[in-house]
Every structure is written in structure tokens, then in C-alpha cells.
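*Asks:* You'll find protein-v9.txt just under this line, and it carries compact mmCIF, C-alpha atoms.
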```
# COMPACT_ATOMS: atom_id res chain seq x y z
CA MET A 1 83.81 30.89 30.46
CA SER A 2 82.75 34.47 29.80
CA GLY A 3 80.09 34.92 27.13
CA ALA A 4 81.32 38.38 26.13
CA LEU A 5 83.01 38.88 22.79
CA SER A 6 85.89 41.36 22.82
CA ALA A 7 86.80 43.33 19.71
CA THR A 8 89.63 40.86 19.09
CA ALA A 9 87.30 37.89 19.41
CA ARG A 10 84.82 39.48 17.06
CA MET A 11 87.52 40.01 14.44
CA ALA A 12 88.60 36.39 14.86
CA LEU A 13 85.06 35.24 14.28
CA LEU A 14 84.77 37.32 11.13
CA ALA A 15 88.07 35.90 9.89
CA ARG A 16 86.83 32.40 10.59
CA LEU A 17 83.64 33.12 8.68
CA SER A 18 85.65 34.40 5.73
CA LYS A 19 87.80 31.24 5.68
CA ARG A 20 84.69 29.06 5.94
CA ARG A 21 83.27 30.75 2.87
CA GLY A 22 86.47 30.28 0.89
CA GLY A 23 85.61 26.82 -0.38
CA ASP A 24 82.06 27.72 -1.41
CA ALA A 25 80.88 28.62 -4.89
CA PRO A 26 82.13 31.99 -6.21
CA ARG A 27 80.49 34.88 -4.40
CA PRO A 28 79.82 38.47 -5.47
CA GLU A 29 82.55 40.96 -4.70
CA ALA A 30 82.38 41.99 -1.05
CA GLY A 31 80.34 45.13 -0.59
CA SER A 32 78.78 45.01 -4.06
CA ALA A 33 75.03 45.37 -4.56
CA ARG A 34 74.81 41.61 -5.14
CA ASP A 35 76.52 40.74 -1.86
CA PHE A 36 73.85 39.41 0.53
CA SER A 37 76.16 40.03 3.49
CA THR A 38 75.43 43.74 3.08
CA LEU A 39 71.81 43.19 4.14
CA PRO A 40 70.86 44.93 7.42
CA GLY A 41 71.49 42.56 10.31
CA MET A 42 73.27 39.88 8.25
CA ARG A 43 76.64 40.61 9.86
CA ASP A 44 75.25 40.42 13.38
CA PHE A 45 73.39 37.23 12.50
CA SER A 46 76.64 35.67 11.27
CA LEU A 47 78.43 36.76 14.43
CA LEU A 48 75.75 35.23 16.63
CA LYS A 49 75.96 31.92 14.79
CA ALA A 50 79.74 31.93 14.98
CA ALA A 51 79.60 32.79 18.68
CA LEU A 52 77.44 29.73 19.32
CA ASP A 53 80.00 27.61 17.50
CA GLN A 54 82.92 29.10 19.44
CA LEU A 55 81.19 28.57 22.78
CA GLU A 56 80.16 25.04 21.73
CA MET A 57 76.49 25.86 22.26
CA GLN A 58 73.59 24.33 20.37
CA SER A 59 71.09 26.77 18.91
CA PRO A 60 67.81 26.80 20.88
CA LEU A 61 65.88 27.52 17.69
CA PHE A 62 63.95 25.14 15.44
CA ARG A 63 63.67 22.38 18.04
CA GLN A 64 61.83 19.46 16.49
CA HIS A 65 58.80 18.06 18.30
CA ASP A 66 58.20 14.40 17.53
CA GLY A 67 54.44 14.50 18.11
CA LEU A 68 51.62 16.54 19.60
CA ALA A 69 52.86 19.67 21.39
CA GLY A 70 50.65 19.65 24.47
CA ALA A 71 51.50 20.25 28.13
CA HIS A 72 53.97 17.42 27.61
CA SER A 73 55.81 16.65 24.42
CA ARG A 74 58.70 14.77 22.91
CA ILE A 75 61.54 16.84 21.48
CA GLU A 76 64.28 15.10 19.52
CA GLY A 77 63.57 11.86 21.34
CA ARG A 78 63.38 13.41 24.82
CA GLU A 79 60.21 13.47 26.96
CA VAL A 80 59.68 17.01 28.28
CA ILE A 81 57.27 19.23 30.15
CA ASN A 82 56.38 21.63 27.38
CA PHE A 83 56.22 25.36 28.07
CA ALA A 84 57.19 26.30 24.52
CA SER A 85 53.84 26.06 22.69
CA TYR A 86 50.66 28.15 22.45
CA ASN A 87 48.28 25.25 23.05
CA TYR A 88 46.77 27.24 25.91
CA LEU A 89 43.62 25.22 26.57
CA GLY A 90 44.90 21.85 25.36
CA LEU A 91 42.49 21.82 22.41
CA ASN A 92 45.09 20.88 19.81
CA GLY A 93 44.62 17.13 19.72
CA ASP A 94 41.20 17.16 21.41
CA PRO A 95 39.14 14.34 19.83
CA ARG A 96 36.29 16.69 18.89
CA VAL A 97 38.66 19.06 17.13
CA ARG A 98 40.43 16.24 15.30
CA GLU A 99 37.14 14.75 14.11
CA ALA A 100 35.91 18.13 12.84
CA ALA A 101 39.10 18.61 10.83
CA LYS A 102 38.91 15.07 9.41
CA ALA A 103 35.27 15.54 8.40
CA ALA A 104 36.18 18.76 6.59
CA VAL A 105 38.95 16.96 4.67
CA ASP A 106 36.52 14.21 3.70
CA ARG A 107 33.97 16.73 2.39
CA TYR A 108 36.12 19.54 0.95
CA GLY A 109 39.62 18.14 0.62
CA VAL A 110 42.70 19.75 2.13
CA SER A 111 42.70 23.03 0.17
CA PRO A 112 39.96 25.35 -1.11
CA SER A 113 42.12 25.71 -4.26
CA ALA A 114 41.26 29.39 -4.81
CA SER A 115 40.82 32.75 -3.17
CA ARG A 116 37.41 33.25 -1.64
CA ILE A 117 36.46 36.05 -4.02
CA THR A 118 36.76 33.64 -6.95
CA SER A 119 35.80 30.05 -6.05
CA GLY A 120 37.36 29.42 -2.63
CA GLU A 121 34.31 30.24 -0.50
CA ARG A 122 33.04 27.46 1.79
CA ASP A 123 30.25 27.44 4.36
CA LEU A 124 32.84 26.74 7.07
CA HIS A 125 34.35 30.19 6.50
CA ARG A 126 31.06 31.98 7.11
CA LYS A 127 30.20 29.81 10.13
CA LEU A 128 33.57 30.45 11.74
CA GLU A 129 33.38 34.17 11.05
CA ALA A 130 29.90 34.44 12.52
CA ALA A 131 31.09 32.63 15.67
CA LEU A 132 34.17 34.88 15.99
CA ALA A 133 32.09 38.04 15.53
CA GLU A 134 29.67 36.92 18.23
CA TRP A 135 32.57 36.06 20.53
CA HIS A 136 33.85 39.65 20.32
CA GLY A 137 30.46 41.33 20.34
CA ALA A 138 31.06 42.57 16.79
CA GLU A 139 28.78 42.59 13.76
CA ALA A 140 30.99 40.58 11.41
CA ALA A 141 34.42 39.02 10.95
CA LEU A 142 36.81 38.03 8.18
CA THR A 143 39.39 35.23 8.35
CA PHE A 144 42.84 35.07 6.74
CA VAL A 145 45.37 32.28 6.18
CA SER A 146 48.00 33.79 8.53
CA GLY A 147 47.85 35.75 11.76
CA HIS A 148 50.97 37.73 10.86
CA ALA A 149 49.62 38.47 7.38
CA THR A 150 46.29 39.59 8.88
CA ASN A 151 47.92 42.54 10.64
CA VAL A 152 50.22 43.34 7.74
CA THR A 153 47.52 43.42 5.10
CA VAL A 154 44.72 45.03 7.14
CA ILE A 155 46.82 47.81 8.70
CA GLY A 156 48.62 48.37 5.41
CA HIS A 157 45.27 48.63 3.59
CA LEU A 158 43.39 50.63 6.22
CA MET A 159 45.91 53.42 6.76
CA GLY A 160 47.76 55.69 4.34
CA PRO A 161 50.60 58.23 4.07
CA ARG A 162 48.51 61.09 5.50
CA ASP A 163 47.54 59.06 8.59
CA LEU A 164 48.93 58.42 12.08
CA ILE A 165 49.49 55.07 13.80
CA LEU A 166 50.15 55.35 17.53
CA HIS A 167 51.17 52.03 19.04
CA ASP A 168 52.62 50.45 22.15
CA ALA A 169 56.39 50.02 21.82
CA ALA A 170 55.96 46.30 22.59
CA ILE A 171 53.51 45.71 19.74
CA HIS A 172 54.04 42.61 17.59
CA ASN A 173 56.21 42.71 14.48
CA SER A 174 53.18 42.03 12.28
CA CYS A 175 51.69 45.35 13.37
CA THR A 176 54.84 47.38 12.74
CA GLU A 177 55.22 45.72 9.34
CA GLY A 178 51.64 46.67 8.50
CA ALA A 179 52.30 50.22 9.63
CA ARG A 180 55.42 50.38 7.49
CA LEU A 181 53.48 49.11 4.47
CA SER A 182 50.79 51.75 4.96
CA GLY A 183 53.22 54.65 4.75
CA ALA A 184 51.50 56.28 7.73
CA ARG A 185 53.44 58.17 10.36
CA ARG A 186 54.27 55.65 13.09
CA LEU A 187 54.70 56.71 16.72
CA PRO A 188 55.54 54.15 19.42
CA PHE A 189 54.88 55.02 23.05
CA ALA A 190 56.51 53.46 26.13
CA HIS A 191 55.02 50.08 26.97
CA ASN A 192 51.64 50.40 28.71
CA ASP A 193 52.28 54.09 29.46
CA MET A 194 48.91 55.62 28.64
CA ALA A 195 50.00 59.07 29.83
CA ALA A 196 52.75 59.00 27.20
CA ALA A 197 50.25 57.75 24.62
CA ALA A 198 47.93 60.66 25.41
CA ARG A 199 50.74 63.20 25.06
CA ASP A 200 51.92 61.73 21.77
CA MET A 201 48.40 61.56 20.37
CA ALA A 202 47.68 65.18 21.33
CA ALA A 203 50.91 66.36 19.70
CA ALA A 204 50.51 64.45 16.44
CA ARG A 205 46.78 64.03 15.83
CA ARG A 206 46.05 67.44 14.33
CA GLY A 207 48.41 66.94 11.42
CA ALA A 208 46.96 63.54 10.41
CA GLN A 209 43.90 62.74 8.35
CA ARG A 210 43.03 59.52 10.21
CA ALA A 211 44.52 57.99 13.33
CA LEU A 212 44.79 54.45 14.68
CA LEU A 213 45.62 53.48 18.27
CA LEU A 214 47.10 50.00 18.25
CA VAL A 215 47.61 47.76 21.33
CA GLU A 216 47.65 44.08 22.26
CA GLY A 217 45.19 42.52 24.68
CA HIS A 218 47.89 40.30 26.20
CA TYR A 219 51.51 41.07 25.32
CA SER A 220 53.37 37.98 24.21
CA MET A 221 56.78 39.24 25.36
CA ASP A 222 55.79 40.45 28.82
CA GLY A 223 52.55 38.67 29.76
CA ASP A 224 50.73 41.88 30.74
CA SER A 225 47.76 43.86 29.37
CA PRO A 226 46.89 47.49 28.56
CA ASP A 227 44.33 49.61 30.38
CA LEU A 228 41.59 49.03 27.82
CA ALA A 229 39.15 51.62 29.23
CA ARG A 230 41.81 54.33 28.88
CA CYS A 231 42.59 53.14 25.36
CA VAL A 232 38.91 53.47 24.40
CA GLU A 233 38.69 56.93 25.95
CA LEU A 234 41.90 58.11 24.28
CA ALA A 235 40.81 56.91 20.84
CA GLN A 236 37.33 58.42 21.07
CA ARG A 237 38.56 61.74 22.45
CA ASN A 238 40.99 62.08 19.53
CA ASP A 239 38.66 60.90 16.77
CA ALA A 240 40.81 57.81 16.22
CA TRP A 241 40.17 54.13 15.64
CA LEU A 242 41.17 51.59 18.29
CA MET A 243 42.54 48.22 17.19
CA VAL A 244 43.28 45.46 19.72
CA ASP A 245 45.40 42.42 18.83
CA GLU A 246 43.92 39.52 20.81
CA ALA A 247 46.29 36.84 19.51
CA HIS A 248 47.26 35.76 23.04
CA SER A 249 44.06 36.91 24.78
CA LEU A 250 41.30 34.77 23.30
CA GLY A 251 40.69 31.83 25.60
CA VAL A 252 43.19 33.25 28.09
CA LEU A 253 41.76 36.41 29.66
CA GLY A 254 38.35 36.87 31.25
CA ALA A 255 36.14 34.43 33.14
CA THR A 256 35.05 32.68 29.94
CA GLY A 257 38.08 33.51 27.79
CA ARG A 258 36.51 36.32 25.79
CA GLY A 259 39.65 38.39 26.14
CA VAL A 260 40.82 41.66 27.62
CA ALA A 261 37.41 43.39 27.43
CA GLU A 262 35.80 40.69 29.56
CA ALA A 263 38.76 40.58 31.95
CA GLN A 264 38.58 44.34 32.57
CA GLY A 265 34.80 44.78 32.38
CA VAL A 266 34.93 47.05 29.33
CA ASP A 267 32.19 47.20 26.68
CA PRO A 268 33.76 45.56 23.58
CA ALA A 269 31.79 47.97 21.38
CA GLY A 270 34.38 50.61 22.28
CA VAL A 271 36.94 48.76 20.16
CA ASP A 272 36.71 49.42 16.42
CA LEU A 273 38.82 46.50 15.21
CA TRP A 274 39.44 43.23 17.03
CA MET A 275 42.26 41.13 15.60
CA GLY A 276 43.01 37.57 16.61
CA THR A 277 44.73 34.39 15.54
CA LEU A 278 43.49 30.83 15.11
CA SER A 279 46.83 29.23 15.93
CA LYS A 280 46.84 29.43 19.71
CA THR A 281 43.72 28.71 21.77
CA LEU A 282 41.79 27.72 18.62
CA SER A 283 44.37 25.10 17.61
CA ALA A 284 44.42 25.83 13.88
CA CYS A 285 46.31 28.38 11.78
CA GLY A 286 45.27 31.78 10.47
CA GLY A 287 43.97 35.13 11.64
CA TYR A 288 40.84 37.25 11.66
CA ILE A 289 39.42 40.75 12.02
CA ALA A 290 36.10 41.41 13.78
CA ALA A 291 34.43 44.81 13.33
CA ARG A 292 31.35 46.58 12.03
CA ALA A 293 29.66 44.86 9.10
CA GLU A 294 30.40 47.66 6.63
CA VAL A 295 34.11 47.52 7.42
CA ILE A 296 34.27 43.74 7.06
CA ASP A 297 32.34 43.85 3.78
CA TRP A 298 34.80 46.42 2.42
CA LEU A 299 37.79 44.34 3.55
CA ARG A 300 36.28 41.17 2.09
CA HIS A 301 36.15 42.78 -1.35
CA THR A 302 39.34 44.86 -1.30
CA VAL A 303 42.05 43.84 1.20
CA PRO A 304 44.96 42.24 -0.71
CA GLY A 305 45.63 39.55 1.90
CA SER A 306 42.20 38.07 1.19
CA VAL A 307 41.43 39.01 -2.40
CA TYR A 308 44.81 37.80 -3.70
CA SER A 309 45.33 34.91 -1.30
CA VAL A 310 43.97 31.39 -1.21
CA ALA A 311 41.19 30.94 1.34
CA LEU A 312 41.66 29.37 4.77
CA ALA A 313 42.05 25.59 4.41
CA PRO A 314 38.77 23.78 5.27
CA PRO A 315 40.26 21.50 7.98
CA LEU A 316 41.77 24.55 9.69
CA ALA A 317 38.48 26.44 9.63
CA ALA A 318 36.70 23.37 10.99
CA ALA A 319 39.28 22.87 13.74
CA ALA A 320 39.04 26.52 14.84
CA LEU A 321 35.24 26.41 14.85
CA ALA A 322 35.20 23.20 16.89
CA SER A 323 37.75 24.66 19.33
CA LEU A 324 35.57 27.72 19.82
CA ASP A 325 32.58 25.46 20.50
CA VAL A 326 34.55 23.59 23.19
CA LEU A 327 35.77 26.86 24.71
CA ARG A 328 32.20 28.12 24.92
CA ALA A 329 30.98 24.90 26.53
CA GLU A 330 33.91 24.36 28.94
CA PRO A 331 34.99 27.67 30.56
CA GLU A 332 36.60 25.65 33.34
CA ARG A 333 39.55 25.21 30.98
CA VAL A 334 40.13 28.96 31.14
CA ALA A 335 40.01 28.94 34.95
CA ARG A 336 42.51 26.07 35.05
CA LEU A 337 44.86 27.90 32.67
CA GLN A 338 44.71 31.08 34.74
CA ARG A 339 45.34 29.13 37.94
CA ASN A 340 48.38 27.49 36.36
CA GLY A 341 49.75 30.74 34.98
CA LEU A 342 49.49 32.48 38.31
CA GLY A 343 50.91 29.44 40.09
CA LEU A 344 54.00 29.29 37.90
CA ARG A 345 54.62 33.02 38.10
CA ASP A 346 54.37 33.02 41.88
CA ARG A 347 56.65 29.98 42.19
CA LEU A 348 59.32 31.65 40.07
CA ARG A 349 59.06 34.98 41.86
CA ALA A 350 59.38 33.23 45.20
CA ARG A 351 62.70 31.82 43.97
CA GLY A 352 63.94 35.30 43.08
CA PHE A 353 63.43 35.24 39.32
CA ASP A 354 62.54 38.43 37.44
CA THR A 355 59.18 37.79 35.76
CA GLY A 356 58.76 41.40 34.68
CA GLY A 357 55.18 42.68 34.60
CA SER A 358 53.58 39.30 33.96
CA GLN A 359 50.06 39.13 35.34
CA GLY A 360 50.30 35.35 35.50
CA SER A 361 47.75 34.37 32.86
CA ALA A 362 49.38 32.28 30.14
CA ILE A 363 52.73 33.99 29.57
CA VAL A 364 55.47 34.12 32.20
CA PRO A 365 58.81 35.60 31.09
CA VAL A 366 62.01 35.09 33.06
CA ILE A 367 64.44 37.91 32.29
CA LEU A 368 68.02 36.63 32.49
CA GLY A 369 70.09 39.40 30.92
CA SER A 370 72.51 38.36 28.20
CA SER A 371 71.62 36.34 25.11
CA ILE A 372 74.37 33.82 25.81
CA ARG A 373 73.10 33.25 29.33
CA ALA A 374 69.51 32.79 28.12
CA VAL A 375 70.60 30.23 25.52
CA LYS A 376 72.75 28.36 28.03
CA VAL A 377 69.97 28.23 30.63
CA ALA A 378 67.44 27.04 28.03
CA GLY A 379 69.79 24.24 27.05
CA ALA A 380 70.33 23.26 30.67
CA LEU A 381 66.56 23.28 31.21
CA LEU A 382 65.99 20.99 28.24
CA GLU A 383 68.55 18.57 29.67
CA ARG A 384 66.40 18.55 32.80
CA GLY A 385 63.25 17.80 30.81
CA VAL A 386 61.69 21.27 30.54
CA ALA A 387 61.18 23.00 27.16
CA VAL A 388 60.84 26.80 26.97
CA GLN A 389 61.14 29.49 24.33
CA VAL A 390 64.22 31.73 24.23
CA VAL A 391 64.09 35.39 23.21
CA THR A 392 67.46 37.03 22.58
CA PHE A 393 69.04 40.01 20.87
CA PRO A 394 68.01 41.47 18.44
CA ALA A 395 64.36 40.59 19.22
CA VAL A 396 64.90 42.30 22.59
CA PRO A 397 67.71 44.52 23.90
CA GLU A 398 70.76 42.43 24.84
CA GLN A 399 70.38 42.94 28.58
CA SER A 400 66.70 41.89 28.59
CA SER A 401 67.08 38.50 26.91
CA ARG A 402 64.65 36.05 28.45
CA LEU A 403 62.95 32.72 28.59
CA ARG A 404 59.21 32.65 27.94
CA PHE A 405 57.05 30.06 29.65
CA PHE A 406 53.76 29.49 27.83
CA VAL A 407 51.41 27.81 30.28
CA SER A 408 48.62 25.38 29.40
CA ALA A 409 45.42 24.26 31.08
CA GLY A 410 46.93 20.79 30.68
CA HIS A 411 49.76 21.42 33.13
CA ASP A 412 49.37 20.22 36.70
CA GLU A 413 50.88 21.23 40.04
CA ASP A 414 53.71 18.74 39.67
CA ASP A 415 54.64 20.24 36.29
CA LEU A 416 54.83 23.71 37.83
CA ASP A 417 56.92 22.52 40.77
CA ARG A 418 59.31 20.63 38.52
CA ALA A 419 59.70 23.61 36.19
CA ALA A 420 60.57 25.96 39.05
CA GLU A 421 63.05 23.47 40.50
CA ALA A 422 64.62 22.78 37.10
CA LEU A 423 65.04 26.48 36.35
CA THR A 424 66.74 27.06 39.68
CA ALA A 425 69.15 24.18 39.01
CA ALA A 426 69.77 25.26 35.41
CA VAL A 427 70.64 28.83 36.37
CA ARG A 428 72.94 27.59 39.10
CA SER A 429 74.72 25.25 36.67
CA VAL A 430 75.29 28.01 34.11
CA GLY A 431 76.42 30.69 36.55
CA ARG A 432 77.15 34.25 35.53
CA VAL A 433 77.56 34.96 31.82
CA GLU A 434 78.51 38.30 30.34
CA SER A 435 76.54 39.94 27.57
CA LEU A 436 77.24 39.42 23.89
CA ALA A 437 79.05 42.59 22.82
CA LEU A 438 77.69 43.34 19.38
```
Any chance you could put this one into C-alpha cells?
*Replies:*
Amino acid sequence: MSGALSATARMALLARLSKRRGGDAPRPEAGSARDFSTLPGMRDFSLLKAALDQLEMQSPLFRQHDGLAGAHSRIEGREVINFASYNYLGLNGDPRVREAAKAAVDRYGVSPSASRITSGERDLHRKLEAALAEWHGAEAALTFVSGHATNVTVIGHLMGPRDLILHDAAIHNSCTEGARLSGARRLPFAHNDMAAAARDMAAARRGAQRALLLVEGHYSMDGDSPDLARCVELAQRNDAWLMVDEAHSLGVLGATGRGVAEAQGVDPAGVDLWMGTLSKTLSACGGYIAARAEVIDWLRHTVPGSVYSVALAPPLAAAALASLDVLRAEPERVARLQRNGLGLRDRLRARGFDTGGSQGSAIVPVILGSSIRAVKVAGALLERGVAVQVVTFPAVPEQSSRLRFFVSAGHDEDDLDRAAEALTAAVRSVGRVESLAL
């Protein structure tokens, strides 16, 4: 069956949606200011859901794991090889991490019950921040309850309407939301194209009061990295700050997992702001900024996402700190992860799959084309005992919809072989599927 939706099919879907709504509670008049269906993207979202129904396809989203999401997991009663989670070094569930979290609950309870600036401060916060600052070669760090909120609140607070934010076009949504909040002029440049970044910076810098160059250390959609030395040079030459989002880099890149600076042999002091998350390698939840002490002190006392938010939960801070201790003591986990990432990428490429620019560290995309095809292949993979993430329109352009394999140090050679074989069989079973014409 073709996955394309003709104009006639789209109209039929809309009609079906209208009939489905007929028995609901009274709704605002169509097109009025109170009609939620007028929200940007709501119509396309409804069409996508209806298309899944018409094609008798189960949504690949919100899959329920029945237990620990490690290299292997159990999803809705099915044992699977798990490539859908960020547990890069297998530290989520490590006995030392679990015990640290339990000890924090026993001493502090589950919640700090306040923002840090009032009465939410705990010694675990300062210990974790000191460890994170040292890890990045920075003077100080500040933690937040959410990685996404970290970028939103810090970028939104740091920059203003007279400023310029130049960022990679593949930057995470949290960064673009922070830029939007700031009111600064936002200029995206083509992914990893530093020549384009230099041209855009030269053209726009003079008219801005301050400038921020914003990149990721390891791009979650493509599995590649920027040229950090060129980023440092570009920022310094143009009197701009450089901010690097290390959400997927910490514990993944470099011989000991210290991130993109270690991997590329660049002095981390050239980066003004290091951002990272606690929810991936560090097996907790939250985010952080590492920078000069004066910047962190200012953020600690003024940034809304800290001042007006409850502090990081004690068991999460303890888990992240314990994970960092294990990472420091056992760099062989990083080597095993990198070996697995490269092994999976090379296996998939050898079978003819498009893995884009993945460098084979922890993230290996497989670009399949249409959203419908990506969803179908993901479902066929799950039936074969392999769980992956699906990225479809509108998160990416329709013809670049993909599967994302997140590799773990806990995977073994058999897992990689089985995943490659299962993907080959799944794609063959689905066949060719046209794009979703929205």
C-alpha cells in the first residue's frame, strides 16, 4: 500500500476527523479565537494521527518500558535489544548509583521543597557542581532541574534584543527556544559549515551589541561533531561568546569521556559556556552550565530557571555525582561504547544503509525517507525484538525521516549483529513507501 496521501485522501481524513468530533462536548465555533484547532501545526498533527489510523499503523511514540532501560529492556511485555535510550555507559541501574540515590532519600527526602535561593540548598548540589566544573576545566557550575529548561532559561537570560545568536541549523530545540525568549537576532548556519558561519558572523556582528556562537558537541540527530577549534577561533575573532551543548558528549567523546574538547585536543578554556545534561551518561535528570566563577555566581542569583524553580532533587544530584565518580574511575566504559558505536555504524553501512554523517560514537541514524516508511520499519523492528527511536516530519523534513540507534557500552557484538540483521529484514518486509504529502 502506498503511504502517500492524495488531496482527496487528505480531505477524507479531515471529514472523518470532523465526524469523530461530532459526538464530543460542544466546541468553539470553527476558526474562532477559542478554537484550539487553529493552533500552528494542530491540523498537520491531526492529519498524521488520522493517517496512522487509516494505514492501520500503531504510533511508535510513548512506548512503555516495563523496567530498567539498559542495553536490553522489556517493552509492553516484549524482551528487546534496546537502542532507544540514552543510558550510554550503562550507569542507570549500577548498584553504586542506586545506593547513592537511596542514601540521599534517607537523609534529605525526595524533594528539596524549595528553590535553592530560599531554603532548597543542599551540600549535594555544591559537590556535584564542583565535580562538573572540574570535568570541563571550568571554574564553577550551576545545576538545573531540566536539561531543556537549562538552555531556555540561560540563553534567554544571557542575551537580549540588541544581541546576535549564531547557531548551527541542527541545534536542539531547547537552544532555539532560549534564543526566541531572549529576543536576540537569531541566525542559523548550514549544519557544521564553518565557512558559512564565518560569513554570517562577519555580516551580522557589527550591528549587534553582544554575540553568541552556539553549537553542540555531539549532534543528537546526526551523530557528528563540530570543528571545535574553528568555533573557538571564530568566536574570539568576532568578540563573541562560544557556548557548547554537551548533552550527548559527556561520557561519549574523548578517551576518558570528557567530551568534544578532549576528543579533538582543544583547550576547553576556549569555550565560554559549557552546557550539559544529567539525564544521559549521568543517569539522573537535569542540566547544568559550567563557566567562569563570576558568570555562575551571577546566574545563581538571577537566572529565572534557578531562582524561581525548585532545586534539583537530592536523589538525582546524588545519582549524577555517583555516575561521574564511576565514569572517572572506569574510562574503559567509554572505550567500549565507542567500539560499539563504530561497530554498529560500520555494520549498517556495509548493508547499504544511509547513516548520514555519523562518526560512530553513540548515535547512529538510519535515514529512510518518508515518515510512514520510518514508522513502519520501526514497528517491524520491534516485532523482531529491536527497539529504536523514530524521528519523522515535522521534527525533520519529510524526506529525511529516520531511525536513531542510541548505542550503549552494555551492548555486545551479538546485539550489534542482530540489530543489523533485523533492520535488513524489517526494511525488506516493509518495501517501498511513498512520502506523506502534507
*Asks:* Can you work out the spacing between CA of Met275 in chain A and CA of Gly410 in chain A in Å, to one decimal?
*Replies:* 25.7 Å
*Asks:* Measuring between only C-alpha atoms, which one of A:Thr150, A:Arg336, A:Gly270, A:Asp123 shows the shortest distance to Arg107 in chain A?
*Replies:*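 For Arg107 in chain A, the nearest of the given residues is A:Asp123.
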*Asks:* Counting only C-alpha atoms, note down every residue that has an atom within 6 Å of the point (51.8, 27.4, 25.5) (file coordinates), as a count of residues only.
*Replies:* 9
*Asks:* Counting only C-alpha atoms, which of A:Val266, A:Leu381, A:Leu61, A:Val396 gets nearest to Ala419 in chain A?
*Replies:* A:Leu381
*Asks:* Box along x, y and z, 4 Å on every side, all listed atoms of range 31-44 of chain A inside: centre and edge lengths in Å to one decimal, as lines of an AutoDock Vina configuration file.
*Replies:*
```
center_x = 75.6
center_y = 42.4
center_z = 4.1
size_x = 17.5
size_y = 14.0
size_z = 26.5
```
*Asks:* Quote the spacing between CA of Ala291 in chain A and CA of Ile155 in chain A in Å to one decimal place.
*Replies:* 13.6 Å
*Asks:* For Ser73 in chain A, work out the shell of residues within 10 Å, counting all atoms listed in the file and skipping chain neighbours fewer than 5 positions away, then give it as a list in words.
*Replies:* His65, Asp66, Gly67, Leu68, Arg78, Glu79, Val80, Ile81, Asn82, Phe83, Ala84, Ser85, Gly385, Val386 and Ala387 of chain A
*Asks:* Using CA of Met243 in chain A and CA of Leu212 in chain A as the two end points, give the distance in Å to one decimal.
*Replies:*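 Distance between the two atoms: 7.1 Å.
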